[in-house]
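final09.cif follows (mmCIF, C-alpha atoms):
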data_input
#
loop_
_atom_site.label_atom_id
_atom_site.label_comp_id
_atom_site.auth_asym_id
_atom_site.auth_seq_id
_atom_site.Cartn_x
_atom_site.Cartn_y
_atom_site.Cartn_z
CA MET R 166 -20.84 3.08 77.45
CA THR R 167 -24.03 2.36 79.37
CA PHE R 168 -27.19 4.40 78.90
CA ARG R 169 -26.98 5.12 82.64
CA ARG R 170 -23.94 7.28 81.95
CA ARG R 171 -24.47 8.35 78.36
CA GLY R 172 -28.15 9.21 78.70
CA THR R 173 -27.67 11.10 81.93
CA ALA R 174 -24.71 13.03 80.52
CA LEU R 175 -26.70 13.88 77.39
CA LEU R 176 -29.65 15.17 79.42
CA VAL R 177 -27.43 17.24 81.72
CA ALA R 178 -25.49 18.66 78.75
CA THR R 179 -28.71 19.54 76.95
CA SER R 180 -30.04 21.28 80.04
CA PHE R 181 -26.77 23.22 80.38
CA ILE R 182 -26.91 24.36 76.76
CA VAL R 183 -30.52 25.49 77.09
CA VAL R 184 -29.78 27.42 80.28
CA LEU R 185 -26.67 28.94 78.70
CA ALA R 186 -28.70 30.08 75.67
CA ILE R 187 -31.40 31.62 77.87
CA THR R 188 -28.75 33.39 79.95
CA GLY R 189 -27.07 34.69 76.79
CA ILE R 190 -30.36 36.11 75.54
CA ALA R 191 -31.04 37.72 78.92
CA ASN R 192 -27.55 39.25 78.93
CA PHE R 193 -28.10 40.59 75.40
CA LEU R 194 -31.38 42.17 76.47
CA THR R 195 -29.71 43.71 79.53
CA THR R 196 -26.98 45.19 77.34
CA ARG R 197 -29.59 46.48 74.92
CA LEU R 198 -31.61 48.08 77.71
CA LEU R 199 -28.46 49.69 79.13
CA HIS R 200 -27.61 51.09 75.70
CA GLU R 201 -31.14 52.45 75.30
CA ALA R 202 -30.99 54.00 78.77
CA LYS R 203 -27.75 55.75 77.86
CA GLU R 204 -29.22 57.00 74.58
CA GLU R 205 -32.17 58.37 76.54
CA ASN R 206 -29.73 60.17 78.83
CA TYR R 207 -27.98 61.75 75.84
CA LYS R 208 -31.29 62.81 74.36
CA LEU R 209 -32.32 64.22 77.73
CA MET R 210 -29.16 66.32 77.88
CA ARG R 211 -29.69 67.68 74.36
CA ASP R 212 -33.34 68.47 75.09
CA VAL R 213 -32.50 70.12 78.41
CA LEU R 214 -29.86 72.32 76.81
CA GLN R 215 -32.16 73.32 73.96
CA SER R 216 -34.98 74.08 76.38
CA ILE R 217 -32.80 76.13 78.75
CA VAL R 218 -31.24 78.14 75.91
CA LYS R 219 -34.66 78.86 74.39
CA SER R 220 -36.05 79.80 77.82
CA THR R 221 -33.11 82.17 78.39
CA GLU R 222 -33.62 83.81 75.00
CA ASP R 223 -37.34 84.22 75.67
CA LYS R 224 -36.65 85.69 79.10
CA ALA R 225 -34.21 88.23 77.66
CA LEU R 226 -36.61 89.15 74.85
CA SER R 227 -39.65 89.57 77.09
CA ARG R 228 -37.77 91.88 79.45
CA ALA R 229 -36.24 93.89 76.61
CA GLU R 230 -39.62 94.41 74.93
CA MET R 231 -41.30 95.27 78.23
CA ILE R 232 -38.73 97.95 79.12
CA ALA R 233 -38.47 99.36 75.59
CA SER R 234 -42.26 99.74 75.34
CA MET R 235 -42.54 101.94 78.44
CA ASN R 236 -43.53 105.48 77.45
CA GLY R 237 -41.07 107.16 79.75
CA VAL R 238 -38.21 105.02 78.47
CA ARG R 239 -39.10 105.52 74.82
CA ASP R 240 -39.56 109.28 75.18
CA SER R 241 -36.23 109.68 77.00
CA LEU R 242 -34.39 107.73 74.32
CA VAL R 243 -36.03 109.67 71.50
CA ALA R 244 -35.13 112.92 73.27
CA ARG R 245 -31.57 111.71 73.86
CA ASP R 246 -31.97 112.48 77.56
CA ARG R 247 -29.47 110.12 79.20
CA ALA R 248 -30.07 111.33 82.75
CA LYS R 249 -33.84 110.93 82.46
CA LEU R 250 -33.42 107.51 80.84
CA LEU R 251 -31.18 106.34 83.68
CA GLU R 252 -33.68 107.66 86.22
CA GLU R 253 -36.46 105.70 84.52
CA CYS R 254 -34.56 102.41 84.42
CA GLU R 255 -31.94 102.35 87.18
CA ARG R 256 -34.03 100.98 90.05
CA MET R 257 -35.94 98.60 87.80
CA PHE R 258 -32.71 97.21 86.33
CA LYS R 259 -31.18 96.73 89.78
CA ILE R 260 -34.18 94.66 90.87
CA GLN R 261 -34.03 92.60 87.67
CA ASP R 262 -30.33 91.97 88.24
CA GLU R 263 -30.71 90.94 91.89
CA LYS R 264 -33.78 88.73 91.46
CA TYR R 265 -33.46 87.33 87.95
CA GLY R 266 -29.81 87.59 86.97
CA VAL R 267 -30.31 90.25 84.27
CA SER R 268 -26.70 91.40 84.29
CA ARG R 269 -26.58 93.62 81.19
CA GLY R 270 -28.88 96.31 79.86
CA GLN R 271 -27.90 98.83 77.22
CA PHE R 272 -29.47 101.49 74.99
CA HIS R 273 -27.97 102.22 71.58
CA LEU R 274 -28.29 104.85 68.91
CA PRO R 275 -28.05 103.99 65.21
CA PRO R 276 -25.94 102.45 63.78
CA GLY R 277 -24.81 100.90 67.10
CA ILE R 278 -23.40 103.58 69.37
CA SER R 279 -23.73 102.92 73.08
CA PHE R 280 -26.00 105.57 74.60
CA LEU R 281 -26.50 104.18 78.11
CA ARG R 282 -25.23 101.08 79.85
CA LEU R 283 -27.51 100.39 82.79
CA HIS R 284 -24.84 98.11 84.27
CA ASN R 285 -22.14 100.75 83.76
CA PRO R 286 -23.66 104.22 83.22
CA LYS R 287 -20.32 106.02 83.15
CA LYS R 288 -19.24 104.30 79.95
CA PHE R 289 -20.95 105.35 76.71
CA GLY R 290 -20.33 106.73 73.24
CA ASP R 291 -18.40 103.76 71.79
CA ASP R 292 -19.48 102.40 68.38
CA GLN R 293 -20.21 98.64 68.58
CA SER R 294 -21.83 98.22 65.16
CA VAL R 295 -18.77 96.50 63.66
CA SER R 296 -17.72 94.29 66.56
CA ARG R 297 -21.30 93.19 67.26
CA PRO R 298 -23.05 92.08 64.04
CA MET R 299 -26.37 91.42 65.80
CA LEU R 300 -26.50 94.97 67.12
CA GLY R 301 -25.66 96.34 63.69
CA ASP R 302 -28.35 94.17 62.12
CA VAL R 303 -31.03 95.52 64.49
CA ASN R 304 -30.11 99.17 63.97
CA VAL R 305 -29.75 98.91 60.19
CA ASN R 306 -32.82 96.78 59.44
CA ASP R 307 -35.10 97.91 62.31
CA VAL R 308 -35.81 94.31 63.40
CA LEU R 309 -35.48 92.51 66.73
CA ARG R 310 -32.87 89.78 67.18
CA THR R 311 -32.14 87.18 69.86
CA GLY R 312 -29.31 84.75 70.28
CA LEU R 313 -25.75 84.38 71.41
CA GLU R 314 -22.99 86.83 70.59
CA ILE R 315 -19.54 87.65 71.89
CA THR R 316 -19.80 90.95 73.75
CA PRO R 317 -16.99 92.86 75.48
CA ALA R 318 -18.01 91.06 78.69
CA GLY R 319 -17.89 87.63 77.04
CA PRO R 320 -20.42 85.30 75.42
CA THR R 321 -23.94 86.48 76.23
CA ILE R 322 -27.43 85.48 75.24
CA SER R 323 -28.88 88.79 74.13
CA ALA R 324 -32.20 90.16 72.98
CA ILE R 325 -32.10 93.49 71.11
CA VAL R 326 -35.32 95.28 70.18
CA PRO R 327 -35.65 98.43 68.05
CA VAL R 328 -37.24 101.57 69.52
CA ASP R 329 -39.18 103.81 67.12
CA ASP R 330 -40.30 107.39 67.57
CA ASP R 331 -43.87 108.63 67.06
CA SER R 332 -43.37 108.82 63.30
CA GLY R 333 -42.20 105.22 63.09
CA LYS R 334 -38.58 106.16 62.48
CA LEU R 335 -35.91 104.15 64.26
CA ALA R 336 -34.71 106.11 67.28
CA GLY R 337 -32.43 103.45 68.73
CA SER R 338 -32.49 100.05 70.35
CA PHE R 339 -32.48 98.42 73.75
CA GLU R 340 -30.66 95.26 74.76
CA ILE R 341 -30.95 92.79 77.60
CA GLY R 342 -28.04 90.39 78.00
CA LEU R 343 -28.01 87.24 80.10
CA GLU R 344 -24.70 85.56 80.89
CA LEU R 345 -24.09 81.86 80.38
CA PRO R 346 -22.90 80.77 83.87
CA PRO R 347 -26.33 81.14 85.57
CA MET R 348 -27.89 79.16 82.73
CA LEU R 349 -25.41 76.29 83.19
CA ASP R 350 -25.84 76.41 86.96
CA LYS R 351 -29.57 76.02 86.44
CA ILE R 352 -29.00 72.88 84.36
CA LYS R 353 -26.97 71.33 87.17
CA GLU R 354 -29.38 72.40 89.89
CA ALA R 355 -32.51 71.18 88.10
CA TYR R 356 -31.23 68.02 86.39
CA ASN R 357 -27.96 67.11 88.17
CA ILE R 358 -26.10 67.45 84.87
CA GLU R 359 -22.60 68.90 84.89
CA ALA R 360 -22.24 71.59 82.22
CA ALA R 361 -19.44 73.57 80.61
CA VAL R 362 -19.07 75.95 77.69
CA PHE R 363 -16.01 76.37 75.51
CA VAL R 364 -15.46 79.44 73.31
CA GLU R 365 -12.88 80.12 70.60
CA GLU R 366 -9.85 81.72 72.22
CA LYS R 367 -9.21 84.00 69.25
CA LEU R 368 -12.70 85.52 69.40
CA LEU R 369 -12.52 86.06 73.15
CA LYS R 370 -9.23 87.91 72.81
CA GLU R 371 -10.55 90.04 69.96
CA LEU R 372 -14.05 90.85 71.21
CA ALA R 373 -14.30 90.13 74.96
CA THR R 374 -12.11 93.05 75.95
CA GLU R 375 -13.64 93.34 79.43
CA LEU R 376 -13.15 89.67 80.25
CA GLY R 377 -11.28 88.91 83.45
CA GLY R 378 -7.77 87.50 83.26
CA ASP R 379 -8.70 84.38 85.19
CA VAL R 380 -10.54 83.03 82.12
CA LEU R 381 -7.94 83.48 79.38
CA THR R 382 -5.29 81.30 80.99
CA PRO R 383 -3.39 78.22 79.74
CA LYS R 384 -5.15 75.95 82.26
CA ASN R 385 -8.46 76.70 80.55
CA ARG R 386 -7.18 76.12 77.02
CA VAL R 387 -8.59 73.06 75.25
CA GLY R 388 -7.46 72.90 71.65
CA ARG R 389 -8.40 76.21 70.01
CA TYR R 390 -11.03 76.83 72.70
CA ILE R 391 -11.08 78.33 76.16
CA ARG R 392 -13.16 76.70 78.87
CA TYR R 393 -15.16 79.84 79.60
CA TYR R 394 -17.22 78.36 82.44
CA SER R 395 -17.91 75.00 84.02
CA THR R 396 -20.03 73.78 86.91
CA HIS R 397 -17.20 71.36 87.76
CA PRO R 398 -13.87 72.58 86.24
CA GLU R 399 -11.73 69.65 87.41
CA LEU R 400 -14.13 67.10 85.99
CA ALA R 401 -14.55 69.03 82.75
CA SER R 402 -10.79 69.13 82.21
CA MET R 403 -10.70 65.31 82.32
CA LEU R 404 -13.87 64.63 80.34
CA VAL R 405 -13.25 67.03 77.44
CA THR R 406 -9.74 67.19 76.01
CA ASP R 407 -8.14 68.40 72.79
CA LYS R 408 -9.03 65.26 70.85
CA GLU R 409 -12.73 65.37 71.74
CA ILE R 410 -13.47 69.10 71.54
CA GLU R 411 -13.25 69.50 67.76
CA ILE R 412 -16.79 68.85 66.55
CA LEU R 413 -19.04 70.18 63.79
CA GLU R 414 -22.18 68.45 64.98
CA ALA R 415 -23.52 66.97 68.21
CA ARG R 416 -21.74 63.82 69.39
CA HIS R 417 -21.53 61.81 72.58
CA TYR R 418 -19.22 59.29 74.23
CA ASP R 419 -18.56 57.48 77.51
CA LYS R 420 -15.52 58.21 79.61
CA THR R 421 -14.34 56.85 82.96
CA VAL R 422 -12.87 59.30 85.48
CA GLU R 423 -11.54 58.01 88.79
CA GLY R 424 -13.52 54.80 88.48
CA THR R 425 -16.82 56.49 87.57
CA MET R 426 -18.38 56.21 84.13
CA TRP R 427 -19.67 59.49 82.69
CA GLY R 428 -21.78 60.05 79.61
CA VAL R 429 -20.58 63.17 77.77
CA GLN R 430 -22.72 65.06 75.25
CA LEU R 431 -21.06 67.74 73.10
CA VAL R 432 -23.21 70.28 71.23
CA PRO R 433 -21.91 73.05 68.93
CA LEU R 434 -22.35 76.61 70.21
CA TYR R 435 -23.70 78.95 67.54
CA THR R 436 -24.14 82.72 67.39
CA TYR R 437 -27.50 84.24 66.46
CA ASN R 438 -26.64 84.02 62.74
CA GLY R 439 -25.55 80.36 62.80
CA LYS R 440 -21.77 80.70 63.11
CA GLN R 441 -20.12 78.13 65.36
CA VAL R 442 -17.98 79.82 68.00
CA GLY R 443 -17.70 77.14 70.63
CA VAL R 444 -19.00 73.95 72.21
CA TYR R 445 -21.39 73.09 75.02
CA ALA R 446 -20.39 70.04 77.07
CA LEU R 447 -22.86 68.19 79.27
CA ALA R 448 -22.02 65.19 81.46
CA ILE R 449 -24.18 62.81 83.45
CA ASN R 450 -23.05 60.20 85.97
CA GLN R 451 -23.81 56.73 84.60
CA ALA R 452 -22.71 54.80 87.69
CA GLN R 453 -26.30 54.01 88.66
CA GLU R 454 -27.20 52.51 85.27
CA ASN R 455 -23.96 50.52 85.09
CA ALA R 456 -24.38 49.25 88.64
CA ALA R 457 -27.94 48.14 87.88
CA ALA R 458 -26.77 46.34 84.75
CA GLY R 459 -23.96 44.69 86.73
CA ARG R 460 -26.38 43.49 89.39
CA ALA R 461 -28.68 42.13 86.69
CA ARG R 462 -25.81 40.16 85.13
CA VAL R 463 -24.80 38.75 88.51
CA TRP R 464 -28.35 37.58 89.16
CA GLN R 465 -28.51 36.09 85.67
CA PHE R 466 -25.31 34.13 86.34
CA LEU R 467 -26.52 32.91 89.74
CA THR R 468 -29.90 31.96 88.26
CA ALA R 469 -28.20 30.07 85.46
CA LEU R 470 -25.94 28.24 87.93
CA PHE R 471 -28.91 27.31 90.08
CA ALA R 472 -30.86 26.14 87.03
CA VAL R 473 -28.00 23.89 85.87
CA VAL R 474 -27.62 22.35 89.33
CA ALA R 475 -31.38 21.91 89.62
CA PHE R 476 -31.66 20.28 86.18
CA ALA R 477 -28.74 17.96 86.96
CA GLY R 478 -30.34 17.01 90.27
CA VAL R 479 -33.68 16.34 88.61
CA VAL R 480 -32.04 14.16 85.97
CA LEU R 481 -30.15 12.15 88.58
CA VAL R 482 -33.19 11.71 90.82
CA VAL R 483 -35.79 11.07 88.15
CA VAL R 484 -33.89 9.19 85.46
CA ARG R 485 -31.51 7.28 87.66
CA GLY R 486 -33.59 6.95 90.81
CA LEU R 487 -37.04 6.27 89.36
CA LEU R 488 -36.17 4.57 86.09
CA LEU R 489 -32.64 3.28 85.58
CA SER R 490 -31.96 1.97 89.10
CA PRO R 491 -35.16 -0.15 89.30
CA VAL R 492 -34.63 -1.46 85.76
CA GLN R 493 -31.03 -2.34 86.57
CA ALA R 494 -32.08 -4.11 89.77
CA LEU R 495 -34.76 -6.10 87.91
CA GLY R 496 -32.24 -6.96 85.22
CA GLU R 497 -29.84 -8.40 87.80
CA ARG R 498 -32.65 -10.46 89.39
CA MET R 499 -33.81 -11.65 85.96
CA LYS R 500 -30.29 -12.83 85.19
CA ALA R 501 -30.12 -14.65 88.52
CA LEU R 502 -33.51 -16.22 87.77
CA ALA R 503 -32.24 -17.43 84.42
CA ASP R 504 -29.36 -19.05 86.24
CA GLY R 505 -31.84 -20.88 88.50
CA ASP R 506 -31.87 -18.53 91.50
CA ALA R 507 -35.50 -17.71 92.30
CA SER R 508 -34.85 -16.48 95.81
CA GLN R 509 -34.72 -12.71 95.04
CA PRO R 510 -38.23 -11.21 94.99
CA ALA R 511 -38.98 -7.88 93.31
CA ASP R 512 -39.55 -4.82 95.45
CA PRO R 513 -43.14 -3.96 96.33
CA ILE R 514 -45.00 -3.14 93.13
CA ASP R 515 -46.11 0.34 94.29
CA THR R 516 -42.47 1.42 94.65
CA TYR R 517 -41.95 1.21 90.89
CA ALA R 518 -42.95 3.77 88.32
CA ASP R 519 -46.09 2.87 86.36
CA GLU R 520 -44.03 2.14 83.27
CA VAL R 521 -41.77 -0.32 85.20
CA GLN R 522 -44.53 -2.11 87.13
CA PRO R 523 -45.44 -4.54 84.25
CA LEU R 524 -41.81 -5.58 84.09
CA ALA R 525 -41.72 -6.24 87.85
CA GLU R 526 -45.00 -8.14 87.72
CA GLY R 527 -43.70 -10.31 84.86
CA TYR R 528 -40.56 -11.04 86.82
CA GLU R 529 -42.60 -12.11 89.85
CA ARG R 530 -44.74 -14.50 87.77
CA LEU R 531 -41.66 -16.10 86.27
CA ARG R 532 -40.00 -16.35 89.69
CA LYS R 533 -43.06 -18.05 91.26
CA GLU R 534 -43.34 -20.47 88.33
CA ARG R 535 -39.68 -21.37 88.76
CA GLN R 536 -40.18 -21.83 92.49
CA SER R 537 -43.17 -24.20 91.93
#

Kindly return the structure encoded in the file as structure tokens.
Amino acid sequence: MTFRRRGTALLVATSFIVVLAITGIANFLTTRLLHEAKEENYKLMRDVLQSIVKSTEDKALSRAEMIASMNGVRDSLVARDRAKLLEECERMFKIQDEKYGVSRGQFHLPPGISFLRLHNPKKFGDDQSVSRPMLGDVNVNDVLRTGLEITPAGPTISAIVPVDDDSGKLAGSFEIGLELPPMLDKIKEAYNIEAAVFVEEKLLKELATELGGDVLTPKNRVGRYIRYYSTHPELASMLVTDKEIEILEARHYDKTVEGTMWGVQLVPLYTYNGKQVGVYALAINQAQENAAAGRARVWQFLTALFAVVAFAGVVLVVVRGLLLSPVQALGERMKALADGDASQPADPIDTYADEVQPLAEGYERLRKERQS
């Protein structure tokens, strides 16, 4: 095989391998960046959930402490004057409910007897100390508590603060409860993250006695949990199924629904005392990241194809056109000269590459000597 073919093929093949290696590295980096972007999304979802839950707890606690510290409220509770207590708080609670979503407010007497429900004043006198451990803890130990618990109305983020009389003796407690749906709606509104919360069906049936019948239905059942609320129920039913819902610690995964890739982050739902009673599910649309990665790979492929064609063209033009073709032509003339034919002059010297010019000049000297 001639060097004209073998050398050119070797150079083109080498160029192809180099371009292929560079493209492979670029594709690896793109995949790595996509993976890191997804991990950042999962971390964002966990951080957002933690921040929103903490903010909700703080909001409930600040309002509970503010109301419980009012002299008129404290004096009415110490005096067991329900009518006066309702008069002190009714308008204020209505404004809090309308503007800030404070849906539950309740005064209790030790060890956990409902004295006044601001959201339902006609119902009182029931003992909740057994069914609500957090309430019992506050009224037994005279300490404030915040966190999630299963109330008769369903899972609620509550803040319960003790109320003491002038002698420092516990007179009762006051509770502010914030429901989970507004919190999840806020996550979607602020961060465009779909959110859902799943709660153990058994606990809801036992403790959430005031819960509407549209929640405890078979369509909301996922394993041993009930999908209590979701910002996008249809999507949640496809993203989180029986096989994914059973977790003991935070986990995440990707799932495609109707051609769209979603990143799903599951986080255990704990009560105030650390007992897992459910699961938070957050989902973010990953179509934008995947599309960007796809476009990057397409451009990498096109760039690689262009580079291979360009390298092959350069090899053919430079090696064949500037080096091999002139050498071959001079070789044919030299052979003819050896056979006695001195009629074929070399091309003009300046048309040859610098490295080939001495060869052309030598040929011309030999040709002129043969002619003379």

Excluding same-chain residues fewer than 2 positions from Leu345 in chain R, what lies within 9 Å of it counting all atoms listed in the file, as number ranges by chain?
R: 320-322, 343, 347-350, 362, 394

Would you kindly return, as a PDB file with C-alpha atoms, keeping the file's coordinate frame, each protein, DNA or RNA residue with an atom no farther than 10 Å from any atom of Ile449 in chain R, considering all atoms listed in the file and excluding same-chain residues fewer than 3 positions away?
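Heads up, here's the output in result.pdb:
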ATOM      1  CA  LYS R 203     -27.750  55.750  77.860  1.00  0.00           C
ATOM      2  CA  ASN R 206     -29.730  60.170  78.830  1.00  0.00           C
ATOM      3  CA  TYR R 207     -27.980  61.750  75.840  1.00  0.00           C
ATOM      4  CA  MET R 210     -29.160  66.320  77.880  1.00  0.00           C
ATOM      5  CA  LYS R 353     -26.970  71.330  87.170  1.00  0.00           C
ATOM      6  CA  TYR R 356     -31.230  68.020  86.390  1.00  0.00           C
ATOM      7  CA  ASN R 357     -27.960  67.110  88.170  1.00  0.00           C
ATOM      8  CA  ILE R 358     -26.100  67.450  84.870  1.00  0.00           C
ATOM      9  CA  GLU R 359     -22.600  68.900  84.890  1.00  0.00           C
ATOM     10  CA  ALA R 360     -22.240  71.590  82.220  1.00  0.00           C
ATOM     11  CA  ASP R 419     -18.560  57.480  77.510  1.00  0.00           C
ATOM     12  CA  MET R 426     -18.380  56.210  84.130  1.00  0.00           C
ATOM     13  CA  TRP R 427     -19.670  59.490  82.690  1.00  0.00           C
ATOM     14  CA  GLY R 428     -21.780  60.050  79.610  1.00  0.00           C
ATOM     15  CA  VAL R 429     -20.580  63.170  77.770  1.00  0.00           C
ATOM     16  CA  GLN R 430     -22.720  65.060  75.250  1.00  0.00           C
ATOM     17  CA  ALA R 452     -22.710  54.800  87.690  1.00  0.00           C
TER      18      ALA R 452
END

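Nearest-residue note for Val364 in chain R: choosing from R:Ala415, R:Ala318, R:Val442, R:Ala401, the minimum distance belongs to R:Val442, counting only C-alpha atoms.
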
Pairwise distance for CA of Val492 in chain R and CA of Arg530 in chain R, rounded to one decimal in Å:
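Between CA of Val492 in chain R and CA of Arg530 in chain R the gap works out to 16.6 Å.
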
Between CA of Thr425 in chain R and CA of Lys208 in chain R, what is the spacing in Å?
20.6 Å

Using only C-alpha atoms, the shortest atom-to-atom distance to Phe339 in chain R among R:Leu313, R:Val479, R:Val177, R:Cys254 belongs to R:Cys254
